[in-house]
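To keep things clear, I will list the structure first and then write my remarks on it.
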Amino acid sequence: LETCPHYLALTADDLDTLGGLAKCSPPLRTRQEQEQLWEALREGKIDMISSDHSPCPRSMKENADGNFFALWGGISGGQSSMEIIIDEAHIKRGIPLQRVAQ
C-alpha cells in the first residue's frame with residue numbers, strides 16, 4: 001500500500017479553504033478515510049509514503065474564470081514531505097519515528 005503526504009495531511013474539507021491549490025488526482029478524501037490511512041500506517045500496512053510532487057505556476061492553480069475542472073490537478077510540496085509527515089505522524093499522533101521511517 002502506498003500513499004502521498006497530501007492524503008495524510010489534507011482532506012476534502014481543505015478544498016473549501018485552499019481551493020484549487022488542493023486539487024489533485026485522485027481527489028482528496030474525507031476525514032474518516034484519512035483516519036483509515038493513519039491507522040494503516042500505525043499498523044505497518046503502508047509500505048511507502050511517496051511524493052507525488054506536481055509543481056506548476058500558481059496561476060495554473062487559481063480559479064480565475066470559475067472553471068475548477070480546468071485547474072492543474074497536482075499538489076506541489078515535495079520539498080516539505082518529510083516535515084509534514086513527521087509533524088502529522090510523530091508529533092500530532094504519537095506514531096514512533098521508527099514506524100514512520102519503516
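Residues in the C-alpha cells are named by chain (A, B, ... in the order shown) and by number from 1 within that chain; ligands are numbered from 1 in the order shown.
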**OP:** Can you pull out every residue within 12 Å of Leu71 in chain A, counting only C-alpha atoms, but drop anything in the same chain fewer than 3 positions away, and send it as a PyMOL selection string?
**Re:** chain A and resi 19-25+56-68+74-75
Can you write just those residues out, N, CA and C atoms, as an mmCIF file, in the first residue's frame?
data_model
loop_
_atom_site.group_PDB
_atom_site.id
_atom_site.type_symbol
_atom_site.label_atom_id
_atom_site.label_comp_id
_atom_site.auth_asym_id
_atom_site.auth_seq_id
_atom_site.Cartn_x
_atom_site.Cartn_y
_atom_site.Cartn_z
ATOM 1 N N GLY A 19 -9.048 25.937 -2.022
ATOM 2 C CA GLY A 19 -9.489 25.990 -3.413
ATOM 3 C C GLY A 19 -8.633 25.131 -4.323
ATOM 4 N N GLY A 20 -8.285 25.691 -5.466
ATOM 5 C CA GLY A 20 -7.544 24.959 -6.476
ATOM 6 C C GLY A 20 -6.175 24.472 -6.034
ATOM 7 N N LEU A 21 -5.585 25.093 -5.017
ATOM 8 C CA LEU A 21 -4.291 24.625 -4.523
ATOM 9 C C LEU A 21 -4.368 23.184 -4.025
ATOM 10 N N ALA A 22 -5.546 22.757 -3.591
ATOM 11 C CA ALA A 22 -5.723 21.411 -3.046
ATOM 12 C C ALA A 22 -6.301 20.430 -4.064
ATOM 13 N N LYS A 23 -6.454 20.857 -5.295
ATOM 14 C CA LYS A 23 -6.976 19.944 -6.318
ATOM 15 C C LYS A 23 -5.896 18.942 -6.690
ATOM 16 N N CYS A 24 -6.246 17.662 -6.674
ATOM 17 C CA CYS A 24 -5.303 16.615 -7.051
ATOM 18 C C CYS A 24 -6.072 15.412 -7.583
ATOM 19 N N SER A 25 -5.327 14.484 -8.122
ATOM 20 C CA SER A 25 -5.936 13.282 -8.675
ATOM 21 C C SER A 25 -5.117 12.074 -8.249
ATOM 22 N N CYS A 56 3.732 23.536 -10.412
ATOM 23 C CA CYS A 56 3.243 24.331 -11.530
ATOM 24 C C CYS A 56 3.195 25.777 -11.064
ATOM 25 N N PRO A 57 3.133 26.709 -11.992
ATOM 26 C CA PRO A 57 2.982 28.108 -11.571
ATOM 27 C C PRO A 57 1.659 28.291 -10.833
ATOM 28 N N ARG A 58 1.648 29.159 -9.861
ATOM 29 C CA ARG A 58 0.436 29.411 -9.071
ATOM 30 C C ARG A 58 -0.756 29.756 -9.967
ATOM 31 N N SER A 59 -0.494 30.418 -11.077
ATOM 32 C CA SER A 59 -1.576 30.812 -11.978
ATOM 33 C C SER A 59 -2.354 29.604 -12.507
ATOM 34 N N MET A 60 -1.705 28.437 -12.595
ATOM 35 C CA MET A 60 -2.389 27.240 -13.084
ATOM 36 C C MET A 60 -3.283 26.610 -12.019
ATOM 37 N N LYS A 61 -3.172 27.072 -10.760
ATOM 38 C CA LYS A 61 -3.974 26.555 -9.655
ATOM 39 C C LYS A 61 -5.035 27.552 -9.195
ATOM 40 N N GLU A 62 -5.075 28.719 -9.820
ATOM 41 C CA GLU A 62 -6.041 29.742 -9.430
ATOM 42 C C GLU A 62 -7.292 29.652 -10.294
ATOM 43 N N ASN A 63 -8.417 29.917 -9.690
ATOM 44 C CA ASN A 63 -9.708 29.744 -10.333
ATOM 45 C C ASN A 63 -10.229 31.067 -10.886
ATOM 46 N N ALA A 64 -9.468 31.652 -11.808
ATOM 47 C CA ALA A 64 -9.801 32.985 -12.318
ATOM 48 C C ALA A 64 -11.120 33.014 -13.087
ATOM 49 N N ASP A 65 -11.404 31.987 -13.868
ATOM 50 C CA ASP A 65 -12.620 32.015 -14.694
ATOM 51 C C ASP A 65 -13.753 31.178 -14.121
ATOM 52 N N GLY A 66 -13.555 30.628 -12.913
ATOM 53 C CA GLY A 66 -14.604 29.847 -12.268
ATOM 54 C C GLY A 66 -14.681 28.395 -12.702
ATOM 55 N N ASN A 67 -13.787 27.961 -13.573
ATOM 56 C CA ASN A 67 -13.803 26.580 -14.045
ATOM 57 C C ASN A 67 -12.812 25.736 -13.243
ATOM 58 N N PHE A 68 -13.295 25.128 -12.173
ATOM 59 C CA PHE A 68 -12.451 24.314 -11.302
ATOM 60 C C PHE A 68 -11.825 23.149 -12.066
ATOM 61 N N GLY A 74 -2.516 18.759 -9.651
ATOM 62 C CA GLY A 74 -1.446 18.161 -8.857
ATOM 63 C C GLY A 74 -1.134 18.992 -7.632
ATOM 64 N N ILE A 75 -0.457 18.361 -6.676
ATOM 65 C CA ILE A 75 -0.070 19.025 -5.432
ATOM 66 C C ILE A 75 1.429 19.287 -5.456
#
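Shell of Arg31 in chain A at 10 Å, with only C-alpha atoms counted and residues fewer than 2 places along the chain excluded, is Tyr7, Leu8, Ala9, Leu10, Thr11, Ala12, Asp13, Leu28, Arg29, Glu33, Gln34, Glu35, Gln36 and Leu37 of chain A.
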**OP:** Mind the document's chain letters and residue numbers, and return as an NGL selection string the residues of chain A that DSSP labels strand (DSSP E).
**Re:** :A and (2-3 or 48-49)
Prev. selection, N, CA, C and O atoms, output as a PDB file, in the first residue's frame:
ATOM      1  N   GLU A   2       0.537   2.178  -0.815  1.00  0.00           N
ATOM      2  CA  GLU A   2       1.285   3.424  -0.941  1.00  0.00           C
ATOM      3  C   GLU A   2       0.315   4.600  -0.840  1.00  0.00           C
ATOM      4  O   GLU A   2      -0.826   4.512  -1.275  1.00  0.00           O
ATOM      5  N   THR A   3       0.795   5.695  -0.248  1.00  0.00           N
ATOM      6  CA  THR A   3       0.021   6.925  -0.226  1.00  0.00           C
ATOM      7  C   THR A   3       0.968   8.098  -0.353  1.00  0.00           C
ATOM      8  O   THR A   3       2.189   7.924  -0.323  1.00  0.00           O
ATOM      9  N   MET A  48       4.831   2.538   1.717  1.00  0.00           N
ATOM     10  CA  MET A  48       5.577   3.700   1.258  1.00  0.00           C
ATOM     11  C   MET A  48       4.708   4.957   1.279  1.00  0.00           C
ATOM     12  O   MET A  48       3.560   4.930   0.871  1.00  0.00           O
ATOM     13  N   ILE A  49       5.295   6.025   1.797  1.00  0.00           N
ATOM     14  CA  ILE A  49       4.722   7.357   1.657  1.00  0.00           C
ATOM     15  C   ILE A  49       5.606   8.024   0.620  1.00  0.00           C
ATOM     16  O   ILE A  49       6.778   8.291   0.864  1.00  0.00           O
TER      17      ILE A  49
END
Original post:
Between CA of Pro27 in chain A and CA of Pro5 in chain A, what is the spacing in Å?
Top reply: 13.1 Å
Subject >> Point-to-point distance in Å for CA of Gln102 in chain A and CA of Ile84 in chain A >> reply: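 One can read the CA of Ile84 in chain A to CA of Gln102 in chain A distance as 16.2 Å.
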